[in-house]
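So this one's input_27.txt, compact mmCIF, C-alpha atoms:
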```
# COMPACT_ATOMS: atom_id res chain seq x y z
CA SER A 6 6.72 10.39 0.61
CA MET A 7 2.98 10.03 0.13
CA ASP A 8 2.32 7.10 2.41
CA PRO A 9 3.40 7.42 6.06
CA SER A 10 2.67 3.72 6.64
CA ARG A 11 5.50 2.57 4.36
CA SER A 12 7.37 0.89 7.19
CA LEU A 13 6.01 -2.65 7.17
CA ARG A 14 8.30 -5.47 6.17
CA THR A 15 6.85 -8.68 4.74
CA ALA A 16 8.07 -11.38 2.37
CA SER A 17 5.71 -10.37 -0.40
CA GLY A 18 4.45 -6.85 -0.03
CA GLU A 19 5.53 -3.30 0.42
CA THR A 20 8.46 -2.09 2.52
CA LEU A 21 10.86 0.79 2.75
CA GLU A 22 13.12 -1.51 0.72
CA GLY A 23 10.58 -1.76 -2.08
CA PHE A 24 8.52 -4.64 -3.42
CA SER A 25 9.28 -8.18 -4.54
CA ASP A 26 10.19 -8.71 -8.22
CA ARG A 27 6.87 -10.45 -8.90
CA ALA A 28 4.89 -7.60 -7.32
CA TYR A 29 6.60 -5.15 -9.70
CA LEU A 30 5.87 -7.46 -12.63
CA LEU A 31 2.19 -7.81 -11.73
CA ALA A 32 1.88 -4.04 -11.20
CA SER A 33 3.42 -3.37 -14.61
CA VAL A 34 0.88 -5.61 -16.39
CA ILE A 35 -1.99 -3.93 -14.53
CA PHE A 36 -0.58 -0.57 -15.57
CA GLN A 37 -0.13 -1.73 -19.18
CA ASN A 38 -3.78 -2.78 -19.35
CA ASN A 39 -5.09 0.48 -17.86
CA TYR A 40 -2.80 3.40 -18.72
CA LEU A 41 -4.21 6.50 -20.37
CA GLU A 42 -3.47 6.27 -24.09
CA LYS A 43 -3.06 9.79 -25.45
CA PRO A 44 -3.30 10.98 -29.07
CA ALA A 45 -0.01 10.62 -30.93
CA ALA A 46 0.64 14.38 -30.90
CA GLN A 47 0.34 14.51 -27.09
CA ARG A 48 2.08 11.23 -26.31
CA LEU A 49 5.18 11.57 -24.12
CA VAL A 50 6.00 7.87 -23.67
CA ASN A 51 5.14 4.87 -25.83
CA TYR A 52 4.08 1.69 -24.04
CA GLY A 53 3.75 -0.57 -27.07
CA LYS A 54 0.52 -1.84 -28.56
CA GLU A 55 -0.28 -4.67 -26.17
CA ARG A 56 -3.44 -4.26 -24.06
CA GLY A 57 -5.56 -6.77 -22.23
CA LEU A 58 -2.57 -8.86 -21.15
CA SER A 59 -3.18 -11.81 -18.87
CA LEU A 60 -1.93 -11.23 -15.34
CA PRO A 61 1.05 -13.25 -14.09
CA GLU A 62 0.09 -15.87 -11.53
CA VAL A 63 0.36 -14.58 -7.97
CA THR A 64 -1.06 -16.71 -5.18
CA ASP A 65 0.05 -14.49 -2.30
CA ARG A 66 -2.92 -12.28 -1.40
CA GLU A 67 -0.76 -9.61 0.21
CA MET A 68 1.50 -9.45 -2.84
CA GLN A 69 -1.58 -8.95 -5.03
CA ARG A 70 -2.74 -6.12 -2.80
CA ALA A 71 0.68 -4.46 -2.93
CA ALA A 72 0.87 -4.78 -6.72
CA TYR A 73 -2.60 -3.30 -7.28
CA GLU A 74 -1.79 -0.42 -4.95
CA LEU A 75 1.46 0.25 -6.79
CA ALA A 76 -0.23 0.11 -10.20
CA PHE A 77 -3.02 2.39 -8.97
CA ASN A 78 -0.53 5.02 -7.79
CA ALA A 79 1.51 4.82 -11.00
CA LEU A 80 -1.67 5.33 -13.03
CA LYS A 81 -2.69 8.24 -10.85
CA TYR A 82 0.65 9.99 -11.43
CA GLN A 83 1.24 8.77 -14.98
CA GLU A 84 1.73 12.25 -16.46
CA LEU A 85 4.22 13.31 -13.78
CA LEU A 86 6.23 10.09 -14.09
CA GLU A 87 6.39 10.49 -17.86
CA THR A 88 7.54 14.09 -17.44
CA ILE A 89 10.36 12.95 -15.14
CA LEU A 90 11.44 10.31 -17.65
CA LEU A 91 11.71 12.94 -20.38
CA ASP A 92 13.17 15.80 -18.33
CA SER A 93 15.92 13.55 -16.95
CA SER A 94 16.76 12.37 -20.50
CA PHE A 95 16.18 8.78 -19.39
CA TYR A 96 13.55 8.05 -22.04
CA LEU A 97 15.67 9.39 -24.88
CA THR A 98 19.00 7.87 -23.85
CA GLN A 99 18.14 4.43 -22.44
CA PRO A 100 17.59 1.73 -25.09
CA LEU A 101 14.61 0.02 -23.47
CA PRO A 102 11.82 -1.43 -25.64
CA ASP A 103 8.36 0.15 -25.48
CA ASP A 104 6.85 -2.95 -23.91
CA GLN A 105 9.07 -2.47 -20.84
CA MET A 106 8.01 1.12 -20.20
CA SER A 107 5.14 0.07 -17.95
CA LEU A 108 7.67 -1.71 -15.76
CA VAL A 109 9.84 1.43 -15.86
CA VAL A 110 6.96 3.63 -14.69
CA VAL A 111 5.81 1.46 -11.77
CA ILE A 112 9.37 0.99 -10.48
CA LEU A 113 10.04 4.72 -10.91
CA TYR A 114 6.98 5.56 -8.83
CA ASP A 115 8.21 3.32 -6.03
CA LEU A 116 11.75 4.68 -6.37
CA GLN A 117 10.54 8.23 -5.74
CA GLU A 118 8.51 6.98 -2.78
CA ARG A 119 11.80 5.67 -1.36
CA LYS A 120 13.36 9.09 -2.05
CA PHE A 121 15.42 7.49 -4.83
CA VAL A 122 17.25 5.14 -2.46
CA PRO A 123 18.04 1.84 -4.28
CA ARG A 124 16.05 -1.20 -3.21
CA LYS A 125 17.73 -3.83 -1.08
CA CYS A 126 17.51 -6.86 -3.36
CA ASP A 127 17.23 -9.58 -0.73
CA TRP A 128 14.09 -11.15 -2.20
CA ASP A 129 13.96 -14.88 -2.88
CA GLU A 130 12.70 -14.63 -6.45
CA PHE A 131 14.86 -13.15 -9.22
CA ILE A 132 13.13 -11.86 -12.38
CA LYS A 133 15.66 -10.68 -14.93
CA ASP A 134 13.46 -8.09 -16.67
CA VAL A 135 12.72 -6.43 -13.33
CA ARG A 136 16.37 -6.34 -12.25
CA ASP A 137 17.52 -5.00 -15.64
CA VAL A 138 15.01 -2.15 -15.61
CA GLU A 139 15.79 -1.42 -11.98
CA LEU A 140 19.51 -1.19 -12.74
CA HIS A 141 18.85 1.38 -15.48
CA LEU A 142 16.64 3.42 -13.15
CA ASP A 143 19.07 3.33 -10.22
CA ARG A 144 21.79 4.80 -12.43
CA PHE A 145 19.54 7.80 -13.09
CA ALA A 146 18.36 8.25 -9.47
CA SER A 147 20.09 11.60 -8.93
CA LYS A 148 18.78 12.93 -12.26
CA PHE A 149 15.24 11.79 -11.40
CA ALA A 150 15.46 13.54 -8.03
CA ALA A 151 16.63 16.74 -9.72
CA SER A 152 13.83 16.55 -12.30
CA LEU A 153 11.20 16.08 -9.60
CA ALA A 154 12.63 19.00 -7.61
CA ARG A 155 12.54 21.24 -10.69
CA TRP A 156 8.96 20.22 -11.40
CA ARG A 157 7.83 20.98 -7.84
CA ILE A 158 9.57 24.38 -7.87
CA LYS A 159 8.09 25.26 -11.25
CA HIS A 160 4.57 24.46 -10.08
CA GLU A 161 5.15 25.76 -6.53
CA LEU A 162 3.99 22.49 -4.97
CA VAL A 163 4.97 21.18 -1.55
CA SER A 164 4.48 17.56 -2.58
CA ILE A 165 3.37 15.62 -5.63
CA GLU A 166 -0.07 14.96 -4.12
CA CYS A 167 -0.80 18.64 -4.71
CA MET A 168 -0.91 18.04 -8.46
CA LEU A 169 -4.08 15.96 -8.13
CA PRO A 170 -7.46 17.62 -8.76
CA GLU A 171 -9.00 18.82 -5.49
CA ASN A 172 -11.96 16.44 -5.68
CA VAL A 173 -9.59 13.49 -6.09
CA ARG A 174 -7.46 14.65 -3.15
CA ILE A 175 -10.55 14.93 -0.97
CA LYS A 176 -11.69 11.42 -1.91
CA GLN A 177 -8.20 10.10 -1.24
CA GLU A 178 -8.09 11.74 2.18
CA ARG A 179 -11.50 10.32 3.05
CA ALA A 180 -10.45 6.84 1.94
CA SER A 181 -7.25 7.00 3.99
CA SER A 182 -9.26 7.99 7.08
CA LEU A 183 -11.18 4.72 7.08
CA MET A 184 -10.91 2.60 10.17
CA LEU A 185 -10.76 -1.17 10.32
CA TYR A 186 -13.03 -2.76 12.93
CA ALA A 187 -12.45 -6.28 14.25
CA TRP A 188 -14.31 -8.17 16.92
CA VAL A 189 -12.71 -10.72 19.19
CA ASN A 190 -14.03 -14.22 18.47
CA SER A 191 -14.70 -15.53 21.97
CA LEU A 192 -15.03 -19.10 20.64
CA LYS A 193 -11.36 -19.15 19.65
CA SER A 194 -9.69 -16.50 21.79
CA SER A 195 -10.11 -13.86 24.47
CA LEU A 196 -9.60 -10.12 24.68
CA ASP A 197 -6.54 -10.58 26.90
CA GLU A 198 -4.93 -13.02 24.46
CA VAL A 199 -5.51 -10.69 21.51
CA HIS A 200 -4.06 -7.74 23.44
CA GLY A 201 -1.00 -9.86 24.16
CA VAL A 202 -0.50 -10.93 20.54
CA LEU A 203 -0.88 -7.36 19.30
CA GLY A 204 1.55 -6.05 21.90
CA ARG A 205 4.20 -8.60 20.95
CA ALA A 206 3.68 -7.67 17.29
CA GLY A 207 4.49 -4.05 18.06
CA PHE A 208 0.99 -2.56 18.16
CA SER A 209 0.42 0.20 20.72
CA ARG A 210 -2.91 0.36 22.50
CA MET A 211 -4.47 3.83 22.51
CA ARG A 212 -7.38 5.27 24.46
CA SER A 213 -9.46 6.67 21.61
CA ILE A 214 -10.00 6.44 17.86
CA GLY A 215 -8.75 10.00 17.47
CA GLN A 216 -5.29 8.87 18.63
CA LEU A 217 -4.95 6.14 16.01
CA GLN A 218 -2.03 6.69 13.67
CA GLY A 219 0.45 4.13 12.41
CA LYS A 220 0.79 0.82 14.27
CA THR A 221 -1.85 1.48 16.90
CA TYR A 222 -5.31 0.28 17.93
CA CYS A 223 -7.97 0.91 20.54
CA GLN A 224 -11.17 -0.62 21.88
CA ASP A 225 -14.44 0.60 20.45
CA PRO A 226 -15.99 3.02 22.99
CA HIS A 227 -19.36 1.29 22.69
CA CYS A 228 -18.25 -2.36 22.70
CA GLU A 229 -15.09 -3.59 24.40
CA ASP A 230 -14.95 -6.75 22.26
CA ILE A 231 -14.44 -4.66 19.11
CA LEU A 232 -10.97 -3.33 18.31
CA VAL A 233 -10.30 -0.46 15.92
CA PHE A 234 -7.21 -0.09 13.71
CA PRO A 235 -6.09 2.37 11.01
CA VAL A 236 -7.08 0.66 7.76
CA GLN A 237 -3.49 0.98 6.49
CA MET A 238 -2.45 -1.54 9.17
CA LYS A 239 -4.36 -4.40 7.55
CA ALA A 240 -1.19 -6.03 6.17
CA GLN A 241 0.58 -5.83 9.53
CA LEU A 242 -2.49 -7.24 11.25
CA ASP A 243 -2.42 -10.13 8.76
CA CYS A 244 1.12 -10.93 9.94
CA THR A 245 -0.11 -11.62 13.50
CA ASN A 246 -2.20 -14.60 12.26
CA LEU A 247 -5.11 -13.37 14.38
CA LEU A 248 -7.21 -13.06 11.22
CA SER A 249 -6.15 -16.31 9.56
CA ASN A 250 -6.79 -18.17 12.83
CA HIS A 251 -10.21 -16.47 13.07
CA LYS A 252 -9.43 -15.08 16.50
CA LEU A 253 -10.26 -11.65 15.12
CA ILE A 254 -13.09 -11.17 12.62
CA VAL A 255 -12.59 -8.00 10.64
CA GLN A 256 -14.99 -5.72 8.83
CA VAL A 257 -13.90 -2.50 7.13
CA GLN A 258 -16.34 0.33 7.53
CA ALA A 259 -16.48 4.08 7.32
CA ALA A 260 -15.50 6.42 10.09
CA PRO A 261 -18.41 6.58 12.58
CA ASN A 262 -19.15 10.24 11.91
CA ASP A 263 -19.43 9.82 8.14
CA ASP A 264 -22.73 8.06 7.53
CA LYS A 265 -22.81 8.80 3.80
CA PHE A 266 -19.35 7.48 3.06
CA GLU A 267 -19.48 4.38 0.86
CA MET A 268 -16.98 1.58 1.23
CA LYS A 269 -16.25 1.61 -2.48
CA GLU A 270 -14.88 5.15 -2.25
CA LYS A 271 -11.25 4.12 -2.39
CA LYS A 272 -11.87 1.97 -5.44
CA ARG A 273 -13.69 4.86 -7.13
CA LEU A 274 -10.95 7.47 -6.99
CA ASP A 275 -10.83 6.91 -10.72
CA SER A 276 -14.27 8.44 -11.21
CA ASP A 277 -12.54 11.79 -11.67
CA THR A 278 -9.47 10.44 -13.47
CA HIS A 279 -8.79 7.84 -16.15
CA ILE A 280 -8.00 5.01 -13.72
CA THR A 281 -10.00 1.80 -14.08
CA VAL A 282 -8.17 -0.50 -11.67
CA THR A 283 -10.55 -2.36 -9.38
CA ASP A 284 -10.45 -4.87 -6.51
CA MET A 285 -7.65 -3.04 -4.74
CA ILE A 286 -9.09 -3.84 -1.36
```
So, in terms of structure tokens, how does the structure I just supplied come out?
Amino acid sequence: SMDPSRSLRTASGETLEGFSDRAYLLASVIFQNNYLEKPAAQRLVNYGKERGLSLPEVTDREMQRAAYELAFNALKYQELLETILLDSSFYLTQPLPDDQMSLVVVILYDLQERKFVPRKCDWDEFIKDVRDVELHLDRFASKFAASLARWRIKHELVSIECMLPENVRIKQERASSLMLYAWVNSLKSSLDEVHGVLGRAGFSRMRSIGQLQGKTYCQDPHCEDILVFPVQMKAQLDCTNLLSNHKLIVQVQAAPNDDKFEMKEKKRLDSDTHITVTDMI
């Protein structure tokens, strides 16, 4: 799995059980509007002719974030996902229309992230197209896993991240090392209250920034009213209501020892690939 933080559980976003139906649908439209269209002779999968589709309405901010992240990852690994669809015989044997292939690809990406374990469909909203595609994919789970294993052995790769160009991997590692800084709003709360809320929400308090990994936080060494979190914990921090109640005021910034790092770095991973998805953060 490429994302060690895939353990959060919310009503709208990403979990070990997958995404909501609407998040998959939104991700598929984003993918459809941005996928790399290859010349006919090099094309492995056809996605239909539609481009520039309007996005389905999603009011949940966290669901939007999850969908953009999913679409971004599917775009990043488009060639690998297409290879798996062909090598497993899925693309040639499953009678799915071209305009559903974007949905196939984004769900397949998430399926491999879950190590091909079927999603627990306990979401409130039911979208037939999503469930139909998912059913087809689940039936091929063992074949997908075998195809991915063959591909990794053939290319002698430990994980699928290794297929990315080195400059993209470096940018991705730098983006994932970002820290999220939040200061305690003394007009609405206190440091003790915030510590209590975070503790009850399952956050562990650490002594230094170097110890931050997963659901942890620490106080800034230079200012005790500023708390530091791994940036991947933003969704879990949202669930505490400390941000929505303005008890914590958050600002994402680069790691302190990386003065030249720009905040747009994560959005610009596509500068060395074909990806054009924006506003992921």
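Across the model, the gap from atom CA of Cys167 of chain A to atom CA of Leu85 of chain A is 11.7 Å.
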Please check which residues have atoms at most 12 Å from (-2.0, -12.8, 21.5) in the file's coordinates, counting only C-alpha atoms, and write them as a ChimeraX atom specification. /A:189,193-208,242,245-248,250,252-253
One decimal place gives the atom CA of Asp65 of chain A-atom CA of Val109 of chain A separation as 23.1 Å
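Distance check against Lys43 of chain A using all atoms listed in the file: of A:Glu84, A:Ile158, A:Glu130, A:Met106, the minimum falls on A:Glu84.
Minimum atom-to-atom distances from A:Ser33, A:Thr98, A:Gln117, A:Gln237 to Ala76 of chain A were compared using all atoms listed in the file, and the lowest value belongs to A:Ser33.
Among the candidates A:Glu166, A:Glu62, A:Glu139, A:Asp243, the residue lying nearest to Leu116 of chain A is A:Glu139 (atoms considered: all atoms listed in the file).
Taking atom CA of His251 of chain A as the reference point, atom CA of Asp129 of chain A is found at 29.0 Å.
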Given the choices A:Leu185, A:Val135, A:Ala240, A:Ile214, which gets closest to Ser25 of chain A if the distance is worked out from all atoms listed in the file? A:Val135
If I put a ball of radius 12 Å at (14.2, 12.2, -19.1) in the file's coordinates, which residues poke into it when counting all atoms listed in the file, written as JSON, numbers by chain? {"A": [49, 50, 85, 86, 87, 88, 89, 90, 91, 92, 93, 94, 95, 96, 97, 98, 99, 113, 142, 145, 146, 147, 148, 149, 150, 151, 152, 153]}
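Counting all atoms listed in the file and comparing A:Asn51, A:Asn39, A:Ser213, A:Gln105, the residue that lies closest to Lys81 of chain A is A:Asn39.
In terms of minimum interatomic distance to Val34 of chain A, A:Leu108 ranks closest within A:Leu162, A:Leu108, A:Ala71, A:Val63, counting only C-alpha atoms.
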